[in-house]
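Asks: Can you read through this structure? Questions will come right after.
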Amino acid sequence: MILQTPISQAPTSHPLSADELHALMQQIRQWSVELGFQQIAVSDLDLSAHEPRLREWLQQHFHGTMDWMAEHVDKRCHPEALHPGTLRVITARLDYRPDAIPLLPEEHSNVAAISCYAQGRDYHKVIRARLAQLAEKINAHLAPQHTTDHSRPFVDSAPVLERALAEKSGLGWIGKNTMLINKSAGSWFFLGELLTSLPLPLDAEVDNRNHCGTCTACIESCPTGAIVGPYQVDARKCISYLTIEHKGSIPLELRSKMGNRIFGCDDCQIVCPWNKFSDTTCEKDFTPRDYMKQKPLHELFLWSEETFLKQTEGSPLRRAGYERWLRNIAVGLGNAQPTPENIRALQQRMEFPSALVKEHVEWALEKLKGYSGVP
C-alpha cells in the first residue's frame with residue numbers, strides 16, 4: 001500500500017523564498033536525524049542519463065519474470081508523472097548492517113544463509129512510516145503561512161528508480177554490482193523517497209563510476225555469475241531473484257551454485273572493499289530474529305505452514321511464501337552434507353502436495369547420493 005500525506009483544503013498564501021527554502025532544508029535534515037535516518041539528500045527529476053540503461057537492460061530480458069519492471073517505464077524515468085506536482089525527490093538512507101560484517105557462506109553448510117536485510121522486520125514498513133512522519137512535520141511547519149507541500153513517500157513500492165535518484169542526490173554511486181555505494185557507509189543500507197512539490201535546494205551529484213576503480217571483487221565472487229559485466233546484473237541468474245521473485249523451478253544449472261542461500265544473497269556486498277566503512281545499525285527493528293541465527297536447514301524445512309506464517313510475521317521472508325520457502329530450502333539441503341537429519345527431512349517432504357517442492361526434493365536426494373555412504 002502506498003501512503004499519501006493528506007492534502008490540506010485550507011487556502012494557501014505566498015510560496016517560500018530562497019532563504020526560507022534553505023532554512024526549511026536545514027530543518028528537514030534535523031527532523032530526518034530525529035527520525036533515525038543516517039542521511040538524506042535532494043535531487044531534481046532529470047533521469048535522462050539512466051533511461052537508456054534501463055531500456056537496454058529490459059531489452060536483454062535481464063529482468064526475467066519480473067514483468068512489473070517493464071511496466072510503467074515512463075513513470076520510472078519521470079517521477080513527475082508518477083506524482084503530479086513533484087519538483088524534487090528527498091532520498092533517505094537507513095543502515096541495516098548487523099553487529100559484524102557477514103562472512104561468505106561456507107561450502108556444503110548445514111546452516112541456512114538468509115540475506116541480512118531480511119533477518120529483522122520488513123524495512124518497507126519501518127521506512128514508509130518514518131517518511132510519512134517527515135511529510136507531516138514539513139506540512140505542520142509550513143502551515144498556515146505558506147503553501148502546503150503535496151508530498152508522497154515511497155519505499156520500493158512503486159515504479160521509482162531509487163538508486164538513480166539517490167545517485168543524483170549525492171548519496172553515493174551505483175557500483176559494478178548495481179548497488180548504491182556510499183564512501184563513508186558502504187552499501188548496507190535501505191533507501192526511501194519522498195516526492196515533494198517544494199523547490200528545495202539541490203545536493204551535489206556524485207561522479208557515478210569513478211570510485212570502483214579497477215576492483216572486480218563483486219563480479220568474481222558472484223556464485224552464479226549473475227554480474228555479467230560491470231554495472232550489469234542478469235537477474236535470471238541472481239540468487240536474490242531466484243529465491244525471492246522467481247515463482248517457478250530454479251534452473252538445474254544454477255542449483256548447485258546456490259549453496260545454502262535460501263533467501264537472498266549478500267556475497268557481492270560482503271566482498272566489497274567499501275563496506276569496511278559501514279556501521280552497525282542502531283535499529284532494533286533490524287536486529288536478526290532468533291531463528292535466523294545459525295539455524296539448521298532441516299529444522300526450517302520441517303516448519304509447518306502455520307509455523308512459517310507465525311515466525312515470519314512482519315518479515316520480508318513472507319514475500320517468498322511457504323511453497324517457495326520449501327523449494328529454496330530443498331536446494332540448500334541438496335547442497336549440504338548428507339547427514340541423517342537432512343536425509344530424513346527431505347524424505348518427509350516427498351509427499352508434500354506441491355509439484356514444485358517435490359521436484360526440488362527429488363533433486364536434492366539424488367544429489368546427496370553422490371556422497372559416499374548415502375543409500
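Each chain in the C-alpha cells gets a letter, A, B and so on, in the order shown; residues start at 1 in every chain, and ligands are counted from 1 in the order they appear.
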Please provide the set of residues having any atom within 6 Å of A:Lys257, restricted to only C-alpha atoms, with same-chain residues fewer than 3 positions apart removed, written as a ChimeraX atom specification.
Replies: /A:223-224,254
Asks: Grab the residues selected above and save them as a PDB file, in the first residue's frame with N, CA and C atoms.
Replies:
ATOM      1  N   PRO A 223      28.216 -16.096  -6.950  1.00  0.00           N
ATOM      2  CA  PRO A 223      28.178 -17.565  -7.048  1.00  0.00           C
ATOM      3  C   PRO A 223      27.654 -18.089  -8.378  1.00  0.00           C
ATOM      4  N   THR A 224      26.728 -17.354  -8.979  1.00  0.00           N
ATOM      5  CA  THR A 224      26.084 -17.839 -10.206  1.00  0.00           C
ATOM      6  C   THR A 224      26.499 -17.060 -11.449  1.00  0.00           C
ATOM      7  N   LEU A 254      21.877 -23.908 -12.039  1.00  0.00           N
ATOM      8  CA  LEU A 254      22.186 -22.916 -11.009  1.00  0.00           C
ATOM      9  C   LEU A 254      22.035 -23.457  -9.588  1.00  0.00           C
TER      10      LEU A 254
END
Asks: Please identify all polymer residues within 9 Å of A:Lys137, counting only C-alpha atoms, omitting same-chain residues fewer than 4 positions from it, and present them as a ChimeraX atom specification.
Replies: /A:28,31,132-133,141-142
Asks: Give me, as JSON, numbers by chain, the residues of stretch 35-180 of chain A that a backbone DSSP run labels alpha helix (DSSP H).
Replies: {"A": [51, 52, 53, 54, 55, 56, 57, 58, 59, 73, 74, 75, 76, 77, 79, 80, 81, 82, 123, 124, 125, 126, 127, 128, 129, 130, 131, 132, 133, 134, 135, 136, 137, 138, 139, 140, 141, 142, 162, 163, 164, 165, 166, 167, 168, 169]}
Asks: Hey, could you make a per-residue contact list for stretch 50-95 of chain A against stretch 157-160 of chain A with 12 Å as the cut-off, showing the nearest pair of atoms and its distance in Å to one decimal, counting only C-alpha atoms, sorted by chain and number, as CSV?
Replies:
residue,atom,partner,partner_atom,distance
A:Glu51,CA,A:Val160,CA,11.9
A:Leu54,CA,A:Val160,CA,11.9
A:Asp67,CA,A:Pro159,CA,11.9
A:Trp68,CA,A:Pro159,CA,8.4
A:Met69,CA,A:Pro159,CA,7.7
A:Ala70,CA,A:Pro159,CA,9.6
A:Glu71,CA,A:Pro159,CA,8.2
A:His72,CA,A:Pro159,CA,6.8
A:Val73,CA,A:Pro159,CA,7.6
A:Asp74,CA,A:Pro159,CA,9.1
A:Lys75,CA,A:Pro159,CA,6.4
A:Arg76,CA,A:Pro159,CA,4.9
A:Cys77,CA,A:Val160,CA,7.6
A:His78,CA,A:Val160,CA,8.7
A:Pro79,CA,A:Val160,CA,7.1
A:Glu80,CA,A:Val160,CA,10.7
A:Ala81,CA,A:Pro159,CA,10.5
A:Leu82,CA,A:Pro159,CA,7.8
A:His83,CA,A:Val160,CA,10.7
A:Val89,CA,A:Val160,CA,10.6
A:Thr91,CA,A:Val160,CA,11.3
Asks: Return the single residue from A:Glu107, A:Pro15, A:Ala355, A:Leu326 that is closest to A:Ala143, with distances computed using only C-alpha atoms.
Replies: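 Using only C-alpha atoms, A:Ala143 sits closest to A:Pro15.
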Asks: Any idea what's packed within 12 Å of A:Arg53, counting only C-alpha atoms, ignoring anything in its chain fewer than 3 positions away? Could you give it as a count of residues only?
Replies: 18
Asks: Sorted by chain and rising residue number, which residues of stretch 118-181 of chain A lie within 9 Å of stretch 267-289 of chain A, and what are their closest atom pairs and distances in Å to one decimal, counting only C-alpha atoms, as JSON lines?
Replies:
{"residue": "A:Ala118", "atom": "CA", "partner": "A:Pro288", "partner_atom": "CA", "distance": 8.2}
{"residue": "A:Gln119", "atom": "CA", "partner": "A:Pro288", "partner_atom": "CA", "distance": 4.6}
{"residue": "A:Gly120", "atom": "CA", "partner": "A:Phe286", "partner_atom": "CA", "distance": 4.3}
{"residue": "A:Arg121", "atom": "CA", "partner": "A:Asp285", "partner_atom": "CA", "distance": 5.3}
{"residue": "A:Asp122", "atom": "CA", "partner": "A:Phe286", "partner_atom": "CA", "distance": 8.1}
{"residue": "A:Tyr123", "atom": "CA", "partner": "A:Phe286", "partner_atom": "CA", "distance": 7.8}
{"residue": "A:Val126", "atom": "CA", "partner": "A:Asp285", "partner_atom": "CA", "distance": 7.8}
{"residue": "A:Asn177", "atom": "CA", "partner": "A:Cys268", "partner_atom": "CA", "distance": 6.7}
{"residue": "A:Met179", "atom": "CA", "partner": "A:Gln269", "partner_atom": "CA", "distance": 8.3}
{"residue": "A:Ile181", "atom": "CA", "partner": "A:Trp274", "partner_atom": "CA", "distance": 7.4}
Asks: Taking the chain letters and numbering used in this document, name the residues of stretch 223-259 of chain A that DSSP puts in strand (DSSP E), as a VMD selection string.
Replies: chain A and resid 227 to 229 232 to 233
Asks: Find the residues near stretch 189-197 of chain A: any atom within 9 Å, counting only C-alpha atoms, skip ones fewer than 5 places away on the same chain, and give them as a PyMOL selection string.
Replies: chain A and resi 79-80+83-97+117+123-124+127-128+131-132+134-135+148-156+160+162-163+165-166+180+278+281
Asks: Can you build me a table of stretch 258-341 of chain A residues sitting at most 9 Å from stretch 239-252 of chain A, with the closest atom pair per residue and its distance in Å to one decimal, using only C-alpha atoms, sorted by chain and residue number, as JSON lines?
Replies:
{"residue": "A:Met258", "atom": "CA", "partner": "A:Ile239", "partner_atom": "CA", "distance": 6.7}
{"residue": "A:Arg261", "atom": "CA", "partner": "A:Ile239", "partner_atom": "CA", "distance": 7.6}
{"residue": "A:Ile262", "atom": "CA", "partner": "A:Thr243", "partner_atom": "CA", "distance": 6.3}
{"residue": "A:Phe263", "atom": "CA", "partner": "A:Thr243", "partner_atom": "CA", "distance": 5.3}
{"residue": "A:Gly264", "atom": "CA", "partner": "A:Ser240", "partner_atom": "CA", "distance": 3.8}
{"residue": "A:Cys265", "atom": "CA", "partner": "A:Ser240", "partner_atom": "CA", "distance": 5.5}
{"residue": "A:Asp266", "atom": "CA", "partner": "A:Ser240", "partner_atom": "CA", "distance": 8.6}
{"residue": "A:Leu317", "atom": "CA", "partner": "A:Ile244", "partner_atom": "CA", "distance": 8.3}
{"residue": "A:Arg319", "atom": "CA", "partner": "A:Ile244", "partner_atom": "CA", "distance": 6.8}
{"residue": "A:Ala320", "atom": "CA", "partner": "A:Ile244", "partner_atom": "CA", "distance": 5.2}
{"residue": "A:Gly321", "atom": "CA", "partner": "A:Ile244", "partner_atom": "CA", "distance": 8.9}
{"residue": "A:Arg324", "atom": "CA", "partner": "A:Lys247", "partner_atom": "CA", "distance": 7.2}
{"residue": "A:Trp325", "atom": "CA", "partner": "A:Thr243", "partner_atom": "CA", "distance": 8.0}
{"residue": "A:Arg327", "atom": "CA", "partner": "A:Ser249", "partner_atom": "CA", "distance": 8.3}
{"residue": "A:Asn328", "atom": "CA", "partner": "A:Thr243", "partner_atom": "CA", "distance": 6.2}
{"residue": "A:Val331", "atom": "CA", "partner": "A:Ile250", "partner_atom": "CA", "distance": 8.8}
Asks: Since we have the selection now, will you write its residues out, keeping C-alpha atoms, as a PDB file, in the first residue's frame?
Replies:
ATOM      1  CA  MET A 258      23.338 -21.557  -4.665  1.00  0.00           C
ATOM      2  CA  ARG A 261      21.474 -19.397   0.425  1.00  0.00           C
ATOM      3  CA  ILE A 262      17.738 -19.850   0.920  1.00  0.00           C
ATOM      4  CA  PHE A 263      16.578 -16.213   0.809  1.00  0.00           C
ATOM      5  CA  GLY A 264      18.640 -13.580  -0.955  1.00  0.00           C
ATOM      6  CA  CYS A 265      22.400 -13.307  -1.273  1.00  0.00           C
ATOM      7  CA  ASP A 266      24.933 -10.864   0.192  1.00  0.00           C
ATOM      8  CA  LEU A 317      10.533 -13.680   4.283  1.00  0.00           C
ATOM      9  CA  ARG A 319       7.379 -12.463   0.235  1.00  0.00           C
ATOM     10  CA  ALA A 320       8.545 -15.908  -0.863  1.00  0.00           C
ATOM     11  CA  GLY A 321       5.540 -17.710   0.580  1.00  0.00           C
ATOM     12  CA  ARG A 324       8.887 -21.302  -2.358  1.00  0.00           C
ATOM     13  CA  TRP A 325      10.357 -21.311   1.155  1.00  0.00           C
ATOM     14  CA  ARG A 327      11.660 -25.068  -2.608  1.00  0.00           C
ATOM     15  CA  ASN A 328      14.602 -22.897  -1.582  1.00  0.00           C
ATOM     16  CA  VAL A 331      18.014 -26.778  -2.807  1.00  0.00           C
TER      17      VAL A 331
END
Asks: Quick check, in Å to one decimal: how far apart do atom CA of A:Ala41 and atom CA of A:Gln145 lie?
Replies: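 Between these atoms lies a distance of 25.4 Å.
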Asks: Compare A:Ala113, A:Cys238, A:Gly175, A:Pro98 by their minimum atom-to-atom distance to A:Ala217, counting only C-alpha atoms, and give me the closest one.
Replies: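 Smallest distance to A:Ala217 is found for A:Gly175.
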Asks: Choose the residue, out of A:Ser169, A:Trp303, A:Leu333, A:Leu365, that has the smallest atom-to-atom separation from A:Met350; count only C-alpha atoms.
Replies: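 For A:Met350, the nearest of the given residues is A:Leu365.
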Asks: Would you mind telling me which residue in A:Pro230, A:Met292, A:Gln26, A:Cys222 lies nearest to A:Ile174 when using only C-alpha atoms?
Replies: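 Smallest distance to A:Ile174 is found for A:Pro230.
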Asks: Suppose you want the space between atom CA of A:Gly334 and atom CA of A:Lys358; what is it in Å?
Replies: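 Rounded to one decimal, the two atoms are 12.7 Å apart.
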Asks: Choose the residue, out of A:Met25, A:Gly259, A:Pro201, A:Gly172, that has the smallest atom-to-atom separation from A:Ile138; count only C-alpha atoms.
Replies: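 Ranking A:Met25, A:Gly259, A:Pro201, A:Gly172 by distance to A:Ile138, first place goes to A:Met25.
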Asks: Give me the residues near A:Tyr322 as a PyMOL selection string, where near means some atom within 10 Å (using only C-alpha atoms) and where sequence neighbours in that chain fewer than 6 positions away do not count.
Replies: chain A and resi 303-309+328
Asks: Take the selection from the previous step and output its residues with C-alpha atoms, as a PDB file, in the first residue's frame.
Replies:
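So again.pdb came out as:
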ATOM      1  CA  TRP A 303       8.243 -25.984   9.725  1.00  0.00           C
ATOM      2  CA  SER A 304       4.513 -26.321   9.150  1.00  0.00           C
ATOM      3  CA  GLU A 305       2.837 -23.585   7.151  1.00  0.00           C
ATOM      4  CA  GLU A 306       1.319 -22.307  10.400  1.00  0.00           C
ATOM      5  CA  THR A 307       4.775 -22.071  11.971  1.00  0.00           C
ATOM      6  CA  PHE A 308       6.160 -20.362   8.877  1.00  0.00           C
ATOM      7  CA  LEU A 309       3.427 -17.720   8.956  1.00  0.00           C
ATOM      8  CA  ASN A 328      14.602 -22.897  -1.582  1.00  0.00           C
TER       9      ASN A 328
END
Asks: Enter the distance from atom CA of A:Lys293 to atom CA of A:Ser115, in Å, rounded to one decimal.
Replies: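 That distance, rounded to one decimal, is 11.7 Å.
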